[in-house]
Structures are given as C-alpha cells and as structure tokens.
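> Structure supplied as run_36.csv; contents: CSV, C-alpha atoms.
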```
chain,number,residue,atom,x,y,z
A,1,MET,CA,64.4,33.4,8.6
A,2,ALA,CA,62.5,33.6,5.3
A,3,PHE,CA,59.5,31.5,4.7
A,4,THR,CA,59.6,28.9,1.9
A,5,ASN,CA,56.7,28.8,-0.5
A,6,GLU,CA,55.6,25.7,1.2
A,7,GLN,CA,55.5,27.5,4.5
A,8,LEU,CA,53.7,30.4,3.0
A,9,GLU,CA,51.0,28.0,1.8
A,10,ARG,CA,50.9,25.9,4.9
A,11,TYR,CA,50.4,29.0,7.2
A,12,SER,CA,48.6,31.1,4.6
A,13,ARG,CA,45.3,31.3,6.7
A,14,HIS,CA,47.4,32.5,9.7
A,15,ILE,CA,49.5,35.0,7.8
A,16,ILE,CA,46.4,36.5,6.1
A,17,LEU,CA,45.1,37.4,9.6
A,18,LYS,CA,46.0,40.9,10.6
A,19,GLU,CA,46.6,39.7,14.2
A,20,VAL,CA,49.1,37.1,13.1
A,21,GLY,CA,50.8,38.1,9.9
A,22,SER,CA,54.3,36.8,9.0
A,23,LYS,CA,55.7,38.2,12.2
A,24,GLY,CA,53.2,36.3,14.3
A,25,GLN,CA,53.8,33.1,12.4
A,26,LYS,CA,57.5,33.6,13.1
A,27,LYS,CA,56.8,34.0,16.8
A,28,LEU,CA,54.9,30.7,16.7
A,29,LEU,CA,57.8,28.9,14.9
A,30,ASP,CA,60.2,30.3,17.5
A,31,SER,CA,58.1,29.4,20.5
A,32,SER,CA,58.0,26.4,22.8
A,33,VAL,CA,55.1,24.8,24.6
A,34,LEU,CA,55.2,21.9,27.1
A,35,ILE,CA,52.1,19.7,27.3
A,36,ILE,CA,51.9,17.6,30.5
A,37,GLY,CA,49.7,14.6,29.8
A,38,ALA,CA,49.1,13.1,26.3
A,39,GLY,CA,45.5,12.2,27.0
A,40,GLY,CA,42.0,13.6,26.4
A,41,LEU,CA,43.2,17.3,26.8
A,42,GLY,CA,46.8,16.9,25.6
A,43,ALA,CA,45.9,15.2,22.4
A,44,PRO,CA,43.9,17.9,20.7
A,45,ALA,CA,46.1,20.6,22.3
A,46,ALA,CA,49.2,19.0,20.9
A,47,MET,CA,47.7,18.5,17.4
A,48,TYR,CA,46.5,22.1,17.1
A,49,LEU,CA,49.8,23.5,18.3
A,50,ALA,CA,51.7,21.3,15.9
A,51,ALA,CA,49.5,22.2,13.0
A,52,SER,CA,49.9,25.9,13.9
A,53,GLY,CA,53.6,25.7,13.6
A,54,VAL,CA,54.6,26.0,17.3
A,55,GLY,CA,58.3,25.2,16.6
A,56,THR,CA,59.1,23.2,19.8
A,57,ILE,CA,56.6,21.1,21.6
A,58,GLY,CA,57.4,19.0,24.7
A,59,ILE,CA,55.1,16.2,25.7
A,60,ALA,CA,55.3,14.4,29.1
A,61,ASP,CA,53.5,11.2,30.0
A,62,ALA,CA,54.6,7.9,31.4
A,63,ASP,CA,51.7,5.8,30.1
A,64,GLU,CA,51.2,3.6,27.1
A,65,VAL,CA,48.2,3.9,24.8
A,66,ASP,CA,45.3,1.7,25.9
A,67,LEU,CA,42.3,0.7,23.8
A,68,SER,CA,40.0,2.6,26.2
A,69,ASN,CA,41.9,5.9,25.5
A,70,LEU,CA,41.0,6.0,21.8
A,71,GLN,CA,37.4,7.2,22.3
A,72,ARG,CA,38.9,10.6,23.2
A,73,GLN,CA,42.6,10.8,22.8
A,74,ILE,CA,42.6,11.5,19.1
A,75,ILE,CA,46.4,11.8,18.7
A,76,HIS,CA,46.7,8.0,19.1
A,77,SER,CA,45.4,5.4,16.7
A,78,THR,CA,44.3,1.8,17.0
A,79,ASN,CA,47.8,0.7,15.7
A,80,ASP,CA,49.4,2.6,18.6
A,81,VAL,CA,47.8,0.5,21.4
A,82,GLY,CA,50.7,-0.6,23.7
A,83,LYS,CA,53.0,2.1,22.4
A,84,ALA,CA,54.4,4.8,24.7
A,85,LYS,CA,51.9,7.7,24.5
A,86,VAL,CA,54.7,10.3,24.1
A,87,LEU,CA,56.1,8.4,21.1
A,88,SER,CA,52.7,7.9,19.5
A,89,ALA,CA,52.0,11.7,20.0
A,90,LYS,CA,55.4,12.6,18.5
A,91,GLU,CA,54.8,10.5,15.4
A,92,THR,CA,51.4,12.1,14.8
A,93,MET,CA,52.7,15.7,15.3
A,94,GLU,CA,55.7,15.1,13.1
A,95,ALA,CA,53.5,13.6,10.4
A,96,MET,CA,51.3,16.7,10.6
A,97,ASN,CA,54.0,19.3,10.4
A,98,PRO,CA,57.7,18.7,9.7
A,99,ASP,CA,58.5,22.3,11.0
A,100,VAL,CA,57.8,21.1,14.5
A,101,THR,CA,60.5,19.6,16.9
A,102,VAL,CA,58.9,17.3,19.4
A,103,ASN,CA,60.7,16.6,22.7
A,104,THR,CA,59.3,13.5,24.6
A,105,TYR,CA,59.5,12.9,28.3
A,106,ARG,CA,58.3,9.5,29.3
A,107,THR,CA,57.6,10.2,32.9
A,108,PHE,CA,55.0,11.4,35.3
A,109,VAL,CA,55.7,14.8,36.7
A,110,SER,CA,56.8,15.0,40.3
A,111,SER,CA,58.5,17.4,42.6
A,112,ASP,CA,61.8,15.9,41.5
A,113,ASN,CA,61.5,16.6,37.8
A,114,ILE,CA,59.0,19.3,37.1
A,115,MET,CA,61.2,22.4,37.6
A,116,ASP,CA,63.7,20.9,35.1
A,117,LEU,CA,60.9,20.0,32.6
A,118,ILE,CA,59.2,23.4,32.5
A,119,LYS,CA,62.3,25.6,32.6
A,120,ASP,CA,62.9,25.9,28.9
A,121,TYR,CA,59.3,26.3,27.7
A,122,ASP,CA,57.4,29.5,27.1
A,123,PHE,CA,54.0,28.2,28.1
A,124,ILE,CA,52.8,25.0,29.9
A,125,ILE,CA,49.5,23.1,29.2
A,126,ASP,CA,48.2,21.1,32.1
A,127,GLY,CA,46.5,18.1,30.5
A,128,THR,CA,46.7,15.8,33.5
A,129,ASP,CA,44.0,13.7,35.0
A,130,ASN,CA,44.6,14.0,38.7
A,131,PHE,CA,44.6,16.6,41.5
A,132,PRO,CA,48.2,16.0,42.8
A,133,ALA,CA,49.6,16.7,39.3
A,134,LYS,CA,47.4,19.8,38.9
A,135,PHE,CA,48.5,21.3,42.2
A,136,LEU,CA,52.1,20.4,41.5
A,137,ILE,CA,52.0,22.0,38.0
A,138,ASN,CA,50.4,25.2,39.5
A,139,ASP,CA,53.0,25.5,42.3
A,140,ALA,CA,55.9,24.8,40.0
A,141,CYS,CA,54.7,27.4,37.4
A,142,VAL,CA,54.1,30.0,40.1
A,143,MET,CA,57.6,29.4,41.6
A,144,ALA,CA,59.3,29.4,38.1
A,145,LYS,CA,57.1,32.3,36.9
A,146,LYS,CA,55.8,30.4,34.0
A,147,PRO,CA,52.3,30.9,32.4
A,148,PHE,CA,50.1,27.9,32.1
A,149,SER,CA,46.6,26.7,31.2
A,150,HIS,CA,44.8,24.6,33.7
A,151,ALA,CA,41.9,22.4,32.5
A,152,GLY,CA,39.8,19.5,33.8
A,153,ILE,CA,37.1,17.4,32.2
A,154,ILE,CA,34.7,14.9,33.6
A,155,ARG,CA,31.4,13.4,32.3
A,156,PHE,CA,29.8,16.2,30.2
A,157,LYS,CA,31.6,19.0,32.0
A,158,GLY,CA,34.9,20.9,31.4
A,159,GLN,CA,36.6,23.9,32.9
A,160,LEU,CA,39.7,25.9,32.3
A,161,MET,CA,41.6,28.9,33.5
A,162,THR,CA,44.9,30.6,32.5
A,163,TYR,CA,47.6,31.7,34.9
A,164,VAL,CA,50.1,34.4,33.9
A,165,PRO,CA,52.5,35.5,36.6
A,166,GLY,CA,51.3,38.8,38.1
A,167,GLN,CA,48.2,38.9,36.1
A,168,GLY,CA,45.6,37.2,38.3
A,169,PRO,CA,45.0,34.3,40.6
A,170,CYS,CA,46.6,30.9,40.4
A,171,TYR,CA,44.9,27.5,40.6
A,172,ARG,CA,45.6,27.3,44.3
A,173,CYS,CA,44.1,30.7,44.9
A,174,VAL,CA,40.8,29.3,43.7
A,175,PHE,CA,40.9,25.6,44.9
A,176,LYS,CA,43.3,25.8,47.9
A,177,ASN,CA,44.0,22.1,48.3
A,178,PRO,CA,43.3,18.8,46.6
A,179,PRO,CA,39.9,17.4,47.6
A,180,PRO,CA,39.6,14.4,50.0
A,181,LYS,CA,40.1,11.2,48.1
A,182,ASP,CA,36.7,9.8,48.8
A,183,ALA,CA,35.2,12.9,47.2
A,184,VAL,CA,36.7,12.2,43.9
A,185,PRO,CA,35.0,9.8,41.5
A,186,THR,CA,37.1,7.0,40.0
A,187,CYS,CA,37.6,6.5,36.3
A,188,LYS,CA,35.2,3.6,36.2
A,189,GLN,CA,32.5,5.6,38.1
A,190,ALA,CA,32.8,8.8,36.2
A,191,GLY,CA,33.3,8.5,32.4
A,192,VAL,CA,33.8,11.4,30.1
A,193,ILE,CA,32.3,12.2,26.7
A,194,GLY,CA,35.0,12.0,24.1
A,195,ALA,CA,34.5,15.3,22.4
A,196,MET,CA,34.9,17.2,25.7
A,197,GLY,CA,38.7,16.8,25.5
A,198,GLY,CA,38.4,18.3,22.0
A,199,VAL,CA,36.5,21.4,23.2
A,200,ILE,CA,38.6,22.1,26.3
A,201,GLY,CA,42.0,21.0,25.0
A,202,SER,CA,41.5,23.1,21.9
A,203,LEU,CA,40.7,26.1,24.1
A,204,GLN,CA,44.0,25.5,25.9
A,205,ALA,CA,45.9,25.4,22.6
A,206,MET,CA,44.1,28.7,21.7
A,207,GLU,CA,45.2,30.3,25.0
A,208,ALA,CA,48.8,29.2,24.4
A,209,ILE,CA,48.7,30.6,20.8
A,210,LYS,CA,47.3,34.0,22.0
A,211,TYR,CA,49.9,34.2,24.7
A,212,ILE,CA,52.7,33.6,22.2
A,213,LEU,CA,51.3,36.1,19.7
A,214,GLY,CA,50.5,38.6,22.5
A,215,ILE,CA,47.0,39.2,21.2
A,216,GLY,CA,43.5,39.5,22.7
A,217,ASP,CA,42.5,38.8,26.3
A,218,LEU,CA,43.6,35.6,28.0
A,219,LEU,CA,41.5,33.7,30.5
A,220,THR,CA,43.4,35.1,33.4
A,221,GLY,CA,41.3,36.0,36.4
A,222,TYR,CA,38.4,33.9,35.1
A,223,LEU,CA,37.3,30.3,35.2
A,224,LEU,CA,35.4,29.1,32.1
A,225,THR,CA,33.1,26.2,32.6
A,226,TYR,CA,31.3,24.2,29.9
A,227,ASP,CA,28.3,22.1,30.5
A,228,ALA,CA,27.6,20.1,27.4
A,229,ILE,CA,24.3,18.6,28.5
A,230,ASN,CA,22.7,22.0,29.0
A,231,MET,CA,24.9,23.7,26.4
A,232,GLU,CA,26.1,26.3,28.8
A,233,PHE,CA,29.3,28.2,28.9
A,234,HIS,CA,30.0,30.4,32.0
A,235,LYS,CA,32.9,32.8,32.4
A,236,ILE,CA,33.2,33.2,36.1
A,237,LYS,CA,35.2,36.2,37.4
A,238,LEU,CA,37.6,35.0,40.1
A,239,PRO,CA,38.6,37.1,43.2
A,240,THR,CA,41.4,39.4,42.3
A,241,TYR,CA,42.6,39.6,46.0
A,242,THR,CA,45.2,36.8,46.1
A,243,HIS,CA,47.6,38.3,48.7
A,244,ASN,CA,46.9,35.5,51.1
A,245,CYS,CA,47.4,32.6,48.7
A,246,ALA,CA,49.6,29.8,50.1
A,247,VAL,CA,51.8,29.8,47.0
A,248,CYS,CA,51.5,33.0,45.0
A,249,GLY,CA,50.5,35.3,47.9
A,250,ASP,CA,52.6,38.0,49.7
A,251,ASN,CA,53.8,35.6,52.4
A,252,PRO,CA,53.7,32.1,50.8
A,253,THR,CA,53.6,29.2,53.2
A,254,ILE,CA,54.3,26.7,50.4
A,255,THR,CA,57.9,27.3,49.3
A,256,GLU,CA,58.7,23.7,48.3
A,257,LEU,CA,56.9,21.5,45.9
A,258,ILE,CA,54.5,18.9,47.4
A,259,ASP,CA,53.9,15.4,46.1
A,260,TYR,CA,50.3,14.8,47.3
A,261,GLU,CA,49.4,11.2,47.6
A,262,GLN,CA,47.5,10.0,44.6
A,263,ALA,CA,44.4,7.8,44.7
A,264,GLU,CA,44.7,4.5,42.8
A,265,CYS,CA,42.5,5.8,40.0
A,266,ASP,CA,41.7,9.5,40.5
A,267,GLY,CA,39.3,10.4,37.7
A,268,VAL,CA,39.3,10.8,34.0
A,269,LEU,CA,40.1,14.5,33.9
B,1,MET,CA,59.3,51.4,-13.4
B,2,ALA,CA,62.0,54.0,-13.7
B,3,ASN,CA,59.7,56.5,-12.1
B,4,PHE,CA,59.8,54.7,-8.8
B,5,ASN,CA,62.5,54.1,-6.2
B,6,ILE,CA,61.8,50.4,-5.6
B,7,ASP,CA,63.0,49.2,-2.2
B,8,ASP,CA,62.2,45.5,-2.7
B,9,THR,CA,60.7,43.2,-5.2
B,10,VAL,CA,58.8,39.9,-4.9
B,11,ASP,CA,57.8,37.4,-7.6
B,12,ILE,CA,54.5,35.7,-6.9
B,13,THR,CA,54.2,34.1,-10.4
B,14,ASP,CA,55.3,30.8,-8.8
B,15,VAL,CA,52.4,30.4,-6.4
B,16,VAL,CA,48.6,30.3,-6.6
B,17,CYS,CA,45.8,31.9,-4.6
B,18,PRO,CA,45.8,32.6,-1.7
B,19,THR,CA,49.6,32.2,-1.4
B,20,THR,CA,49.9,34.9,-4.1
B,21,PHE,CA,48.5,37.5,-1.6
B,22,VAL,CA,50.3,35.9,1.3
B,23,LYS,CA,53.7,36.2,-0.3
B,24,ALA,CA,53.1,39.8,-1.2
B,25,LYS,CA,51.8,40.5,2.3
B,26,VAL,CA,54.9,39.0,3.9
B,27,ALA,CA,57.2,41.0,1.6
B,28,LEU,CA,55.3,44.2,2.7
B,29,GLU,CA,55.6,43.3,6.3
B,30,GLU,CA,59.4,43.3,5.9
B,31,LEU,CA,59.3,47.0,4.7
B,32,ASP,CA,59.1,50.2,6.6
B,33,ASP,CA,56.4,52.8,6.3
B,34,GLY,CA,56.6,54.6,3.0
B,35,GLN,CA,58.9,52.1,1.3
B,36,ILE,CA,58.0,50.8,-2.2
B,37,LEU,CA,57.5,47.2,-3.2
B,38,SER,CA,57.3,45.8,-6.8
B,39,VAL,CA,55.2,42.7,-7.0
B,40,LYS,CA,55.5,40.6,-10.2
B,41,MET,CA,52.3,38.6,-10.8
B,42,ASN,CA,50.6,36.7,-13.6
B,43,ASP,CA,47.6,38.0,-15.6
B,44,GLY,CA,44.2,36.7,-14.6
B,45,GLU,CA,43.2,35.9,-11.1
B,46,PRO,CA,46.3,37.4,-9.4
B,47,VAL,CA,45.8,40.8,-11.2
B,48,GLN,CA,42.1,40.8,-10.3
B,49,ASN,CA,42.5,39.9,-6.6
B,50,VAL,CA,46.0,40.8,-5.3
B,51,PRO,CA,45.9,44.6,-5.8
B,52,ARG,CA,42.4,44.7,-4.2
B,53,SER,CA,43.6,42.7,-1.2
B,54,ILE,CA,46.7,44.8,-0.7
B,55,LYS,CA,44.5,47.9,-0.9
B,56,GLU,CA,42.2,46.5,1.8
B,57,GLU,CA,45.2,46.1,4.0
B,58,GLY,CA,45.6,49.9,3.8
B,59,HIS,CA,48.6,50.1,1.5
B,60,GLN,CA,48.7,52.5,-1.5
B,61,ILE,CA,48.7,51.1,-5.0
B,62,LEU,CA,50.9,53.4,-7.2
B,63,LYS,CA,50.8,51.7,-10.5
B,64,LEU,CA,50.1,48.4,-12.4
B,65,ILE,CA,52.6,48.0,-15.2
B,66,ASP,CA,51.8,45.5,-18.1
B,67,ASN,CA,55.0,43.7,-19.0
B,68,GLU,CA,53.2,42.5,-22.2
B,69,ASP,CA,54.4,38.9,-21.5
B,70,GLY,CA,51.5,37.7,-19.5
B,71,THR,CA,52.9,39.3,-16.3
B,72,TYR,CA,52.4,42.5,-14.5
B,73,ASN,CA,54.4,44.6,-12.0
B,74,LEU,CA,52.3,46.1,-9.2
B,75,ILE,CA,54.0,49.0,-7.5
B,76,VAL,CA,52.9,49.4,-3.9
B,77,LYS,CA,53.7,51.9,-1.2
B,78,LYS,CA,53.7,50.5,2.3
B,79,VAL,CA,51.4,52.4,4.7
B,80,GLY,CA,52.0,51.8,8.4
B,81,ASP,CA,54.4,49.5,10.2
```
Would you give me this structure, written as structure tokens?

Amino acid sequence: MAFTNEQLERYSRHIILKEVGSKGQKKLLDSSVLIIGAGGLGAPAAMYLAASGVGTIGIADADEVDLSNLQRQIIHSTNDVGKAKVLSAKETMEAMNPDVTVNTYRTFVSSDNIMDLIKDYDFIIDGTDNFPAKFLINDACVMAKKPFSHAGIIRFKGQLMTYVPGQGPCYRCVFKNPPPKDAVPTCKQAGVIGAMGGVIGSLQAMEAIKYILGIGDLLTGYLLTYDAINMEFHKIKLPTYTHNCAVCGDNPTITELIDYEQAECDGVL
Amino acid sequence: MANFNIDDTVDITDVVCPTTFVKAKVALEELDDGQILSVKMNDGEPVQNVPRSIKEEGHQILKLIDNEDGTYNLIVKKVGD
C-alpha cells in the first residue's frame, strides 16, 4: 500500500523517526488493538492509538456517558451525555482519523464473551475499573496467548504493567486474587484526579505502539507506579519465577475463566 | 542524469516541508542497499534542507542537477536496508 500525500503529511512526525519510518507506520495501519473500557484510561489510550493510525481499534463498554465521567474521560463531550460510550468514542476517533476502523462492542466483558472479543486483536488494553474484569482479562489473555497492558488509577495514584506471553509474569502472578470487597473503596469514597487517566492511559497506548512496532523495551516484568502528589515514578522489578502461578504457571489450577462477583460500585480505576 | 542508473524516481514538488523529506525518505525505504533514487524538488527551501536531511540518514548524495526551470533532481544512492 502506498501512502497518499495526506497520509505522508498526517504521519510525517512518525515517518521521520528512524524507529518508525514508513515501514513502522504501515505496521501501525495494519494492526489492531482492543480497548476494554471507554473510561478514564480507555479514552486517552483510544485517542492516541487513533491519532497514531492504528488501523483497527475495538472498544468494549456497556455504559452510557454520564456527566460525572467528563472530568477525566476526554473522548466524550458534554453533548454525548446519555449516549453509549462506545458510540461516542467511535465518533471521536473517526473524526480524528479517517484511516481508522472502529469496532464497537456494547457489552461488559464476561467469561462468556471475552475469548471471542480478544481473538482477532494484536494487543489488548485493560481500561476497566474493577478487579473481576482485571482478573478476567488477565486470565483470558494468558489462555489465548495475547499481550495486554494492565493499568489502574485511583485518587492521585496510577500503576501499569505489560504482559507478553512467555516474557514475564502475568497480573495474577503478582496479585493472586481479587481483594476482599470491603477492602476496596467505592467510587464515592475514592475519587480520582482527572489527568491521571491521561498519564497512565497514554502510557498504555505507548506500550501498544511499541509492541506493534517491535521497538524498545516493554514494561514486561515490571510494575510502574505513579504518585502524583509526591511526583514519584517507581519501576518495580517483579519476580521472574512464575512457575507456580495459578494461571500462567507450569501446572495451572485455573483452566477456565472465572466471573468473580462484583461489588455494587468497585472503585474508579 | 544519463550518467546514473536510476532505479526509482519521486516528485516532491507537490508537497511542503516536512512532507518533502518524508516523501523522499519513504521512497528510499522502498529501495535496496545501493539502488539509486532521483528526487525532483523545487528550488529554495527543499534544495536547502532535503539533501542535508537525506545525508544525515546515512545515504549518499551523488549529484544535484539544476533543471533550469526552478526545479532540481537530486540523485541519491541508498545506503543500508
């Protein structure tokens, strides 16, 4: 496929980069990324991936845009309140870049649908706001051998890690099981600073882009934490010994997907 | 131009900076090591900047030919793949 002059101009700052070039830009245009959750993390991730020319972007979310989302979920506008988040997100991405095909899935992920959702995508972004979904995405990606970026945000803190099959620990290696429900603050108790989704969601988009291009070092084997109040980033090395992990270990005890019970309002992650 | 075995040509007179360089770079990426590209460009900013940028990428500038109509042909040998 030859680039049009418009594409050369649109992607000029990518193509100029030695690490990207026209071949890298073609890789991006030929790639597909699934974003689960069109919220605080998914919004900036989706926007940067669309702007970058990732050719196929899937977005899954069952919710509608709420006025209280707009403080951080920058893919949605005031006029979108009440609209399905996936539709609002699709409209924004298509307006940004006509090269992108957006597939919408107006659903929450569950053990029934997740394998089917992820199967055609090169990379998965976990932009969900609850632990049952996070463990489900991890287990499904491990079983389907799909790379994904985990992230979570709350108050002034954020964290992320990248899983690539065979290249380091999975989310369950590190966190084992969802925390007890009473240990998790609810949305109303917790809050989150709006720009946190922008910082962490953009890092997730960057990991997806680097994975597609095959450049640099990914955040595999590490957990990156960001504390905005103290302006501290920490890159924490994770244990490399994962043979006893319940899902990605040598003798996994979790061989079927689990739908953990979800608290009424599990956090704002 | 008769002195060179041109493998491919690209016309960057229809775009402006930085797309001028980008278009030339993309054309070079399509070639193999040692192949020769002729880049047609306008006088002025493109002639001042594009050859320098191509050189910085490690390619070899063989000749800049003045077409005496306000355009130039830059003959470049691709280095590396």
> Mind checking which residues fall within 6 Å of range 44-55 of chain A, counting all atoms listed in the file, ignoring those fewer than 2 positions away in the same chain, and posting them as a compact mmCIF listing (two decimals) with C-alpha atoms, keeping the file's coordinate frame?

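Below you can see out.txt, which holds the result:
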```txt
# COMPACT_ATOMS: atom_id res chain seq x y z
CA LEU A 28 54.90 30.70 16.70
CA LEU A 29 57.80 28.90 14.90
CA ASP A 30 60.20 30.30 17.50
CA SER A 31 58.10 29.40 20.50
CA GLY A 42 46.80 16.90 25.60
CA MET A 93 52.70 15.70 15.30
CA ASN A 97 54.00 19.30 10.40
CA VAL A 100 57.80 21.10 14.50
CA GLY A 198 38.40 18.30 22.00
CA GLY A 201 42.00 21.00 25.00
CA SER A 202 41.50 23.10 21.90
CA ALA A 205 45.90 25.40 22.60
```
> Taking all atoms listed in the file into account, which residues of chain B are within 12 Å of chain A, as a count of residues only?
26
> In Å to one decimal, how far is CA of Pro147 in chain A from CA of Ser111 in chain A?
18.0 Å
> May I ask which of the residues B:Leu31, B:Asp43, B:Gly80, B:Ser38 is the closest one to Ile61 in chain B, counting only C-alpha atoms?
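Under the stated criterion, the closest residue is B:Ser38.
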> Extract, using all atoms listed in the file, all DNA, RNA and protein residues at most 12 Å from Tyr260 in chain A, discarding same-chain residues fewer than 5 positions from it, and format them as number ranges by chain.
A: 109-111, 130-137, 177-181
> In Å, how far is it from CA of Thr240 in chain A to CA of Phe148 in chain A?
17.7 Å
> Residues near range 4-7 of chain B, anyone? I mean within 12 Å using all atoms listed in the file, not counting same-chain ones fewer than 2 positions away, as a PyMOL selection string.
chain B and resi 1-2+9-10+27-28+30-39+62-63+65+73-78
